[in-house]
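One file, final-v6.cif, carrying mmCIF, C-alpha atoms, pLDDT in the B column; chains and numbers go by the auth columns:
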data_target
loop_
_atom_site.group_PDB
_atom_site.id
_atom_site.type_symbol
_atom_site.label_atom_id
_atom_site.label_comp_id
_atom_site.label_asym_id
_atom_site.label_seq_id
_atom_site.Cartn_x
_atom_site.Cartn_y
_atom_site.Cartn_z
_atom_site.B_iso_or_equiv
_atom_site.auth_seq_id
_atom_site.auth_asym_id
ATOM 1 C CA MET A 1 -245.214 66.709 95.091 83.00 1 A
ATOM 2 C CA THR A 2 -248.219 64.573 94.290 89.00 2 A
ATOM 3 C CA LYS A 3 -248.422 60.827 94.876 90.00 3 A
ATOM 4 C CA ALA A 4 -248.327 60.180 91.106 91.00 4 A
ATOM 5 C CA ASP A 5 -245.213 62.354 90.697 91.00 5 A
ATOM 6 C CA PHE A 6 -243.512 60.559 93.586 90.00 6 A
ATOM 7 C CA LEU A 7 -244.338 57.096 92.209 90.00 7 A
ATOM 8 C CA ASN A 8 -243.212 58.035 88.674 90.00 8 A
ATOM 9 C CA ALA A 9 -239.906 59.423 89.973 90.00 9 A
ATOM 10 C CA LEU A 10 -239.400 56.310 92.106 88.00 10 A
ATOM 11 C CA ALA A 11 -240.163 53.973 89.189 89.00 11 A
ATOM 12 C CA HIS A 12 -237.665 55.863 87.037 88.00 12 A
ATOM 13 C CA ARG A 13 -234.927 55.404 89.647 88.00 13 A
ATOM 14 C CA LEU A 14 -235.677 51.677 90.013 85.00 14 A
ATOM 15 C CA GLY A 15 -235.285 50.956 86.292 81.00 15 A
ATOM 16 C CA ALA A 16 -232.472 48.416 86.886 78.00 16 A
ATOM 17 C CA LEU A 17 -234.772 46.098 88.852 83.00 17 A
ATOM 18 C CA SER A 18 -237.146 43.497 87.475 83.00 18 A
ATOM 19 C CA GLU A 19 -240.714 44.555 86.738 86.00 19 A
ATOM 20 C CA ILE A 20 -241.969 42.456 89.652 86.00 20 A
ATOM 21 C CA ASP A 21 -239.629 44.174 92.140 85.00 21 A
ATOM 22 C CA ILE A 22 -240.555 47.608 90.779 87.00 22 A
ATOM 23 C CA ALA A 23 -244.289 46.822 91.051 89.00 23 A
ATOM 24 C CA ARG A 24 -243.888 45.548 94.639 88.00 24 A
ATOM 25 C CA SER A 25 -241.942 48.641 95.658 89.00 25 A
ATOM 26 C CA LEU A 26 -244.426 51.016 94.044 90.00 26 A
ATOM 27 C CA ASP A 27 -247.356 49.164 95.678 91.00 27 A
ATOM 28 C CA TYR A 28 -245.646 49.427 99.073 90.00 28 A
ATOM 29 C CA TYR A 29 -245.069 53.189 98.800 90.00 29 A
ATOM 30 C CA GLU A 30 -248.520 53.791 97.335 91.00 30 A
ATOM 31 C CA GLU A 31 -250.117 51.939 100.241 92.00 31 A
ATOM 32 C CA MET A 32 -247.931 53.846 102.726 91.00 32 A
ATOM 33 C CA ILE A 33 -249.013 57.197 101.284 90.00 33 A
ATOM 34 C CA ASP A 34 -252.671 56.110 101.162 91.00 34 A
ATOM 35 C CA ASP A 35 -252.548 54.986 104.823 91.00 35 A
ATOM 36 C CA ARG A 36 -251.173 58.358 105.884 90.00 36 A
ATOM 37 C CA MET A 37 -253.847 60.138 103.882 90.00 37 A
ATOM 38 C CA ASP A 38 -256.475 57.932 105.588 90.00 38 A
ATOM 39 C CA ASP A 39 -255.023 59.076 108.930 89.00 39 A
ATOM 40 C CA GLY A 40 -255.813 62.713 108.011 90.00 40 A
ATOM 41 C CA MET A 41 -252.699 63.979 106.198 90.00 41 A
ATOM 42 C CA THR A 42 -252.991 65.820 102.912 90.00 42 A
ATOM 43 C CA GLU A 43 -251.493 64.202 99.825 90.00 43 A
ATOM 44 C CA GLU A 44 -248.481 66.536 99.880 91.00 44 A
ATOM 45 C CA GLU A 45 -247.859 65.870 103.606 90.00 45 A
ATOM 46 C CA ALA A 46 -248.138 62.101 103.121 90.00 46 A
ATOM 47 C CA VAL A 47 -245.685 62.194 100.182 90.00 47 A
ATOM 48 C CA ALA A 48 -243.287 64.403 102.163 91.00 48 A
ATOM 49 C CA ALA A 49 -243.443 61.955 105.096 89.00 49 A
ATOM 50 C CA ALA A 50 -242.469 59.117 102.728 86.00 50 A
ATOM 51 C CA GLY A 51 -239.214 60.946 101.940 88.00 51 A
ATOM 52 C CA SER A 52 -237.675 61.792 98.601 90.00 52 A
ATOM 53 C CA PRO A 53 -237.832 59.381 95.660 89.00 53 A
ATOM 54 C CA GLU A 54 -234.015 59.238 95.719 90.00 54 A
ATOM 55 C CA ASP A 55 -233.952 58.125 99.371 88.00 55 A
ATOM 56 C CA ALA A 56 -236.739 55.605 98.786 88.00 56 A
ATOM 57 C CA ALA A 57 -234.925 54.159 95.755 88.00 57 A
ATOM 58 C CA ARG A 58 -231.664 53.915 97.707 87.00 58 A
ATOM 59 C CA GLU A 59 -233.462 52.104 100.546 86.00 59 A
ATOM 60 C CA ILE A 60 -235.127 49.666 98.130 85.00 60 A
ATOM 61 C CA LEU A 61 -231.911 48.939 96.236 82.00 61 A
ATOM 62 C CA LEU A 62 -230.050 48.249 99.479 81.00 62 A
ATOM 63 C CA ASN A 63 -232.703 45.767 100.629 79.00 63 A
ATOM 64 C CA ILE A 64 -233.117 43.783 97.385 75.00 64 A
ATOM 65 C CA PRO A 65 -231.399 40.415 97.865 70.00 65 A
ATOM 66 C CA ILE A 66 -228.656 39.555 95.403 65.00 66 A
ATOM 67 C CA PRO A 67 -229.384 36.232 93.685 63.00 67 A
ATOM 68 C CA PRO A 68 -226.735 33.551 94.145 64.00 68 A
ATOM 69 C CA PRO A 69 -224.465 32.943 91.167 65.00 69 A
ATOM 70 C CA ASP A 70 -225.268 30.076 88.836 63.00 70 A
ATOM 71 C CA PRO A 71 -223.534 26.871 89.804 67.00 71 A
ATOM 72 C CA ALA A 72 -220.585 25.796 87.693 65.00 72 A
ATOM 73 C CA PRO A 73 -221.571 23.700 84.706 67.00 73 A
ATOM 74 C CA VAL A 74 -221.223 19.989 85.208 66.00 74 A
ATOM 75 C CA LYS A 75 -218.521 18.483 83.048 69.00 75 A
ATOM 76 C CA ARG A 76 -219.476 15.184 81.528 68.00 76 A
ATOM 77 C CA LYS A 77 -217.027 12.398 81.126 69.00 77 A
ATOM 78 C CA PRO A 78 -216.895 11.094 77.576 68.00 78 A
ATOM 79 C CA ASP A 79 -218.640 7.776 77.333 74.00 79 A
ATOM 80 C CA GLY A 80 -217.656 4.993 74.973 78.00 80 A
ATOM 81 C CA ARG A 81 -220.774 5.222 72.827 78.00 81 A
ATOM 82 C CA ARG A 82 -220.196 8.854 71.941 75.00 82 A
ATOM 83 C CA ILE A 83 -216.567 8.259 71.084 76.00 83 A
ATOM 84 C CA PHE A 84 -217.512 5.232 68.955 78.00 84 A
ATOM 85 C CA LEU A 85 -220.175 7.226 67.086 77.00 85 A
ATOM 86 C CA LEU A 86 -217.753 10.075 66.520 75.00 86 A
ATOM 87 C CA ILE A 87 -215.143 7.726 65.074 80.00 87 A
ATOM 88 C CA LEU A 88 -217.787 6.022 62.944 80.00 88 A
ATOM 89 C CA ALA A 89 -219.171 9.323 61.642 78.00 89 A
ATOM 90 C CA SER A 90 -215.823 11.048 61.041 82.00 90 A
ATOM 91 C CA PRO A 91 -215.479 9.994 57.353 86.00 91 A
ATOM 92 C CA PHE A 92 -218.999 11.262 56.669 84.00 92 A
ATOM 93 C CA LEU A 93 -218.244 14.508 58.468 81.00 93 A
ATOM 94 C CA LEU A 94 -215.105 14.962 56.389 85.00 94 A
ATOM 95 C CA VAL A 95 -217.071 14.416 53.177 88.00 95 A
ATOM 96 C CA TYR A 96 -219.793 16.776 54.408 85.00 96 A
ATOM 97 C CA PHE A 97 -217.337 19.576 55.140 87.00 97 A
ATOM 98 C CA ALA A 98 -215.441 18.927 51.897 91.00 98 A
ATOM 99 C CA LEU A 99 -218.681 19.368 49.948 91.00 99 A
ATOM 100 C CA VAL A 100 -219.483 22.567 51.811 90.00 100 A
ATOM 101 C CA LEU A 101 -215.951 23.824 51.127 91.00 101 A
ATOM 102 C CA CYS A 102 -216.302 22.969 47.410 94.00 102 A
ATOM 103 C CA LEU A 103 -219.588 24.847 47.272 92.00 103 A
ATOM 104 C CA LEU A 104 -217.962 27.898 48.834 92.00 104 A
ATOM 105 C CA VAL A 105 -215.007 27.746 46.420 94.00 105 A
ATOM 106 C CA VAL A 106 -217.382 27.586 43.440 94.00 106 A
ATOM 107 C CA LEU A 107 -219.406 30.478 44.826 94.00 107 A
ATOM 108 C CA TRP A 108 -216.312 32.620 45.305 95.00 108 A
ATOM 109 C CA CYS A 109 -215.337 32.003 41.658 96.00 109 A
ATOM 110 C CA ILE A 110 -218.248 34.241 40.660 95.00 110 A
ATOM 111 C CA PRO A 111 -216.871 37.469 42.205 96.00 111 A
ATOM 112 C CA ILE A 112 -213.370 36.528 41.009 96.00 112 A
ATOM 113 C CA VAL A 113 -214.697 36.409 37.437 96.00 113 A
ATOM 114 C CA PHE A 114 -216.405 39.777 37.901 96.00 114 A
ATOM 115 C CA TRP A 115 -213.215 41.361 39.230 96.00 115 A
ATOM 116 C CA ALA A 116 -211.196 39.827 36.361 96.00 116 A
ATOM 117 C CA LEU A 117 -213.650 41.352 33.873 95.00 117 A
ATOM 118 C CA PHE A 118 -213.290 44.707 35.618 96.00 118 A
ATOM 119 C CA VAL A 119 -209.497 44.545 35.378 96.00 119 A
ATOM 120 C CA SER A 120 -209.760 43.556 31.683 95.00 120 A
ATOM 121 C CA ALA A 121 -212.052 46.492 30.901 94.00 121 A
ATOM 122 C CA ALA A 122 -209.767 48.890 32.776 94.00 122 A
ATOM 123 C CA ALA A 123 -206.743 47.466 30.915 94.00 123 A
ATOM 124 C CA ALA A 124 -208.575 47.897 27.582 91.00 124 A
ATOM 125 C CA ALA A 125 -209.208 51.546 28.462 93.00 125 A
ATOM 126 C CA VAL A 126 -205.549 52.103 29.343 93.00 126 A
ATOM 127 C CA GLY A 127 -204.460 50.250 26.189 92.00 127 A
ATOM 128 C CA GLY A 128 -206.827 52.369 24.095 91.00 128 A
ATOM 129 C CA ILE A 129 -205.269 55.536 25.512 92.00 129 A
ATOM 130 C CA ILE A 130 -201.736 54.330 24.768 92.00 130 A
ATOM 131 C CA ALA A 131 -202.633 53.148 21.250 92.00 131 A
ATOM 132 C CA GLY A 132 -204.564 56.369 20.570 91.00 132 A
ATOM 133 C CA VAL A 133 -201.615 58.544 21.583 92.00 133 A
ATOM 134 C CA ALA A 134 -199.301 56.417 19.422 92.00 134 A
ATOM 135 C CA SER A 135 -201.704 56.723 16.437 91.00 135 A
ATOM 136 C CA ILE A 136 -201.868 60.499 16.829 91.00 136 A
ATOM 137 C CA ALA A 137 -198.064 60.611 16.955 91.00 137 A
ATOM 138 C CA GLU A 138 -197.922 58.653 13.666 91.00 138 A
ATOM 139 C CA GLY A 139 -200.582 60.888 12.111 90.00 139 A
ATOM 140 C CA ASN A 140 -203.188 58.133 11.810 89.00 140 A
ATOM 141 C CA LEU A 141 -206.320 59.958 12.922 90.00 141 A
ATOM 142 C CA MET A 142 -208.624 57.154 11.807 92.00 142 A
ATOM 143 C CA TYR A 143 -206.961 54.688 14.149 90.00 143 A
ATOM 144 C CA ALA A 144 -206.831 57.357 16.887 91.00 144 A
ATOM 145 C CA ALA A 145 -210.629 57.751 16.637 93.00 145 A
ATOM 146 C CA PHE A 146 -211.047 53.971 16.841 92.00 146 A
ATOM 147 C CA TYR A 147 -208.835 53.774 19.939 90.00 147 A
ATOM 148 C CA LEU A 148 -210.734 56.676 21.491 92.00 148 A
ATOM 149 C CA GLY A 149 -213.913 54.608 21.098 91.00 149 A
ATOM 150 C CA VAL A 150 -212.187 51.576 22.656 90.00 150 A
ATOM 151 C CA THR A 151 -211.053 53.773 25.539 93.00 151 A
ATOM 152 C CA LEU A 152 -214.531 55.171 26.176 94.00 152 A
ATOM 153 C CA ALA A 153 -216.117 51.720 25.972 92.00 153 A
ATOM 154 C CA GLY A 154 -213.463 50.313 28.331 92.00 154 A
ATOM 155 C CA ILE A 155 -214.015 53.108 30.847 94.00 155 A
ATOM 156 C CA GLY A 156 -217.801 52.708 30.753 94.00 156 A
ATOM 157 C CA LEU A 157 -217.583 48.935 31.089 94.00 157 A
ATOM 158 C CA ALA A 158 -215.017 49.242 33.887 95.00 158 A
ATOM 159 C CA VAL A 159 -217.282 51.569 35.870 95.00 159 A
ATOM 160 C CA LEU A 160 -220.264 49.231 35.460 96.00 160 A
ATOM 161 C CA LEU A 161 -218.177 46.197 36.374 95.00 161 A
ATOM 162 C CA LEU A 162 -216.740 47.963 39.423 96.00 162 A
ATOM 163 C CA PHE A 163 -220.203 48.421 40.934 96.00 163 A
ATOM 164 C CA ALA A 164 -221.356 44.965 39.836 96.00 164 A
ATOM 165 C CA SER A 165 -218.218 43.326 41.266 96.00 165 A
ATOM 166 C CA ALA A 166 -218.644 45.070 44.605 96.00 166 A
ATOM 167 C CA ALA A 167 -222.328 44.068 44.800 96.00 167 A
ATOM 168 C CA VAL A 168 -221.642 40.451 43.827 96.00 168 A
ATOM 169 C CA THR A 169 -218.796 40.201 46.343 96.00 169 A
ATOM 170 C CA LYS A 170 -221.016 41.556 49.101 96.00 170 A
ATOM 171 C CA ALA A 171 -223.838 39.148 48.214 95.00 171 A
ATOM 172 C CA ILE A 172 -221.485 36.148 48.097 95.00 172 A
ATOM 173 C CA ALA A 173 -220.018 37.141 51.482 94.00 173 A
ATOM 174 C CA ARG A 174 -223.520 37.158 53.006 94.00 174 A
ATOM 175 C CA LEU A 175 -224.350 33.853 51.344 93.00 175 A
ATOM 176 C CA THR A 176 -221.098 32.387 52.664 92.00 176 A
ATOM 177 C CA ALA A 177 -222.035 33.366 56.215 91.00 177 A
ATOM 178 C CA ILE A 178 -225.472 31.793 55.818 91.00 178 A
ATOM 179 C CA ILE A 179 -224.021 28.587 54.380 89.00 179 A
ATOM 180 C CA ALA A 180 -221.370 28.380 57.114 86.00 180 A
ATOM 181 C CA ARG A 181 -223.976 28.781 59.870 86.00 181 A
ATOM 182 C CA GLY A 182 -226.238 26.265 58.163 84.00 182 A
ATOM 183 C CA ALA A 183 -223.416 23.759 57.712 82.00 183 A
ATOM 184 C CA VAL A 184 -222.465 23.828 61.374 80.00 184 A
ATOM 185 C CA SER A 185 -225.966 24.016 62.870 77.00 185 A
ATOM 186 C CA PRO A 186 -226.854 20.305 62.488 69.00 186 A
ATOM 187 C CA LEU A 187 -223.712 19.404 64.383 66.00 187 A
ATOM 188 C CA ARG A 188 -224.428 21.599 67.413 68.00 188 A
ATOM 189 C CA ARG A 189 -225.991 20.066 70.478 60.00 189 A
ATOM 190 C CA LYS A 190 -229.378 21.371 71.480 55.00 190 A
ATOM 191 C CA GLY A 191 -229.167 23.953 74.233 48.00 191 A
ATOM 192 C CA ALA A 192 -225.496 24.716 73.487 47.00 192 A
#
Could you render the structure as structure tokens?
Amino acid sequence: MTKADFLNALAHRLGALSEIDIARSLDYYEEMIDDRMDDGMTEEEAVAAAGSPEDAAREILLNIPIPPPDPAPVKRKPDGRRIFLLILASPFLLVYFALVLCLLVVLWCIPIVFWALFVSAAAAAVGGIIAGVASIAEGNLMYAAFYLGVTLAGIGLAVLLLFASAAVTKAIARLTAIIARGAVSPLRRKGA
């Protein structure tokens, strides 16, 4: 195995470490192999003396210190100024969220209208079928032809409105998520 093969295999096995730790480990083993080659060993002998990449990786991973866990976050006691400002701002916050809620209700009226139009077109198609069958039973072919046209128009409109309603609903759902994130973002503390 060449020195490059050894170092590549070692780097692959150390993938869980930081780039700095990987670079230090690779520098160490590269220097070790180079020193042995300077002492008269061939490249293959120097790499063999360093051991297998698996053993080297195991040795490195066992000797990497584990960082201490982060200290527990410090809990702040509420101070009087914050509580006073919260009480003072609460009516404005209520109005703010009421306006955001009204905006969302108005936005969601749009897909509701689309779905109502879809249901109306589908009902017109079903009504056209029923009226057409009744006209044929009475022998009124002129009315039956008219109801056939109403049925075809209702089916075509229902299909178009089905796709439009689904697209509008999806767009309003995305817009709702954006508005909700935007409405809450000014109230979040920095760094939270």
What would the selection look like, as a ChimeraX atom specification, if the PyMOL selection byres ((chain A and resi 15-32) around 12) were run on the coordinates I just shared? /A:2-14,33-39,41,43,46-53,56-66
Applied to the shown file, which residues does the PyMOL selection byres ((chain A and resi 123-140) around 12) return, written as a tab-separated table (two decimals) with C-alpha atoms, in the coordinates of the input?
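Dumped to out.tsv:
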chain	number	residue	atom	x	y	z
A	116	ALA	CA	-211.20	39.83	36.36
A	117	LEU	CA	-213.65	41.35	33.87
A	118	PHE	CA	-213.29	44.71	35.62
A	119	VAL	CA	-209.50	44.54	35.38
A	120	SER	CA	-209.76	43.56	31.68
A	121	ALA	CA	-212.05	46.49	30.90
A	122	ALA	CA	-209.77	48.89	32.78
A	141	LEU	CA	-206.32	59.96	12.92
A	142	MET	CA	-208.62	57.15	11.81
A	143	TYR	CA	-206.96	54.69	14.15
A	144	ALA	CA	-206.83	57.36	16.89
A	145	ALA	CA	-210.63	57.75	16.64
A	146	PHE	CA	-211.05	53.97	16.84
A	147	TYR	CA	-208.84	53.77	19.94
A	148	LEU	CA	-210.73	56.68	21.49
A	149	GLY	CA	-213.91	54.61	21.10
A	150	VAL	CA	-212.19	51.58	22.66
A	151	THR	CA	-211.05	53.77	25.54
A	152	LEU	CA	-214.53	55.17	26.18
A	153	ALA	CA	-216.12	51.72	25.97
A	154	GLY	CA	-213.46	50.31	28.33
A	155	ILE	CA	-214.02	53.11	30.85
A	156	GLY	CA	-217.80	52.71	30.75
A	157	LEU	CA	-217.58	48.94	31.09
A	158	ALA	CA	-215.02	49.24	33.89
A	159	VAL	CA	-217.28	51.57	35.87
Return as JSON the centre and edge lengths, in Å with one decimal, of the box along x, y and z that encloses every atom of segment 160-167 of chain A in the file, padded by 5 Å per side.
{"center_x": -219.5, "center_y": 46.3, "center_z": 40.1, "size_x": 15.6, "size_y": 15.9, "size_z": 19.3}
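Taking atom CA of Val168 of chain A as the reference point, atom CA of Val100 of chain A is found at 19.7 Å.
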Interatomic distance, atom CA of Pro91 of chain A to atom CA of Val184 of chain A (Å, one decimal): 16.0 Å
Could you check how far atom CA of Thr176 of chain A sits from atom CA of Leu107 of chain A, in Å to one decimal? 8.2 Å
Test item: the PyMOL selection byres ((chain A and resi 96-98) around 12) resolved as a PyMOL selection string: chain A and resi 89-95+99-105+179-180+182-184+186-187
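In terms of minimum interatomic distance to Met1 of chain A, A:Glu45 ranks closest within A:Ile110, A:Glu45, A:Lys170, A:Leu162, counting all atoms listed in the file.
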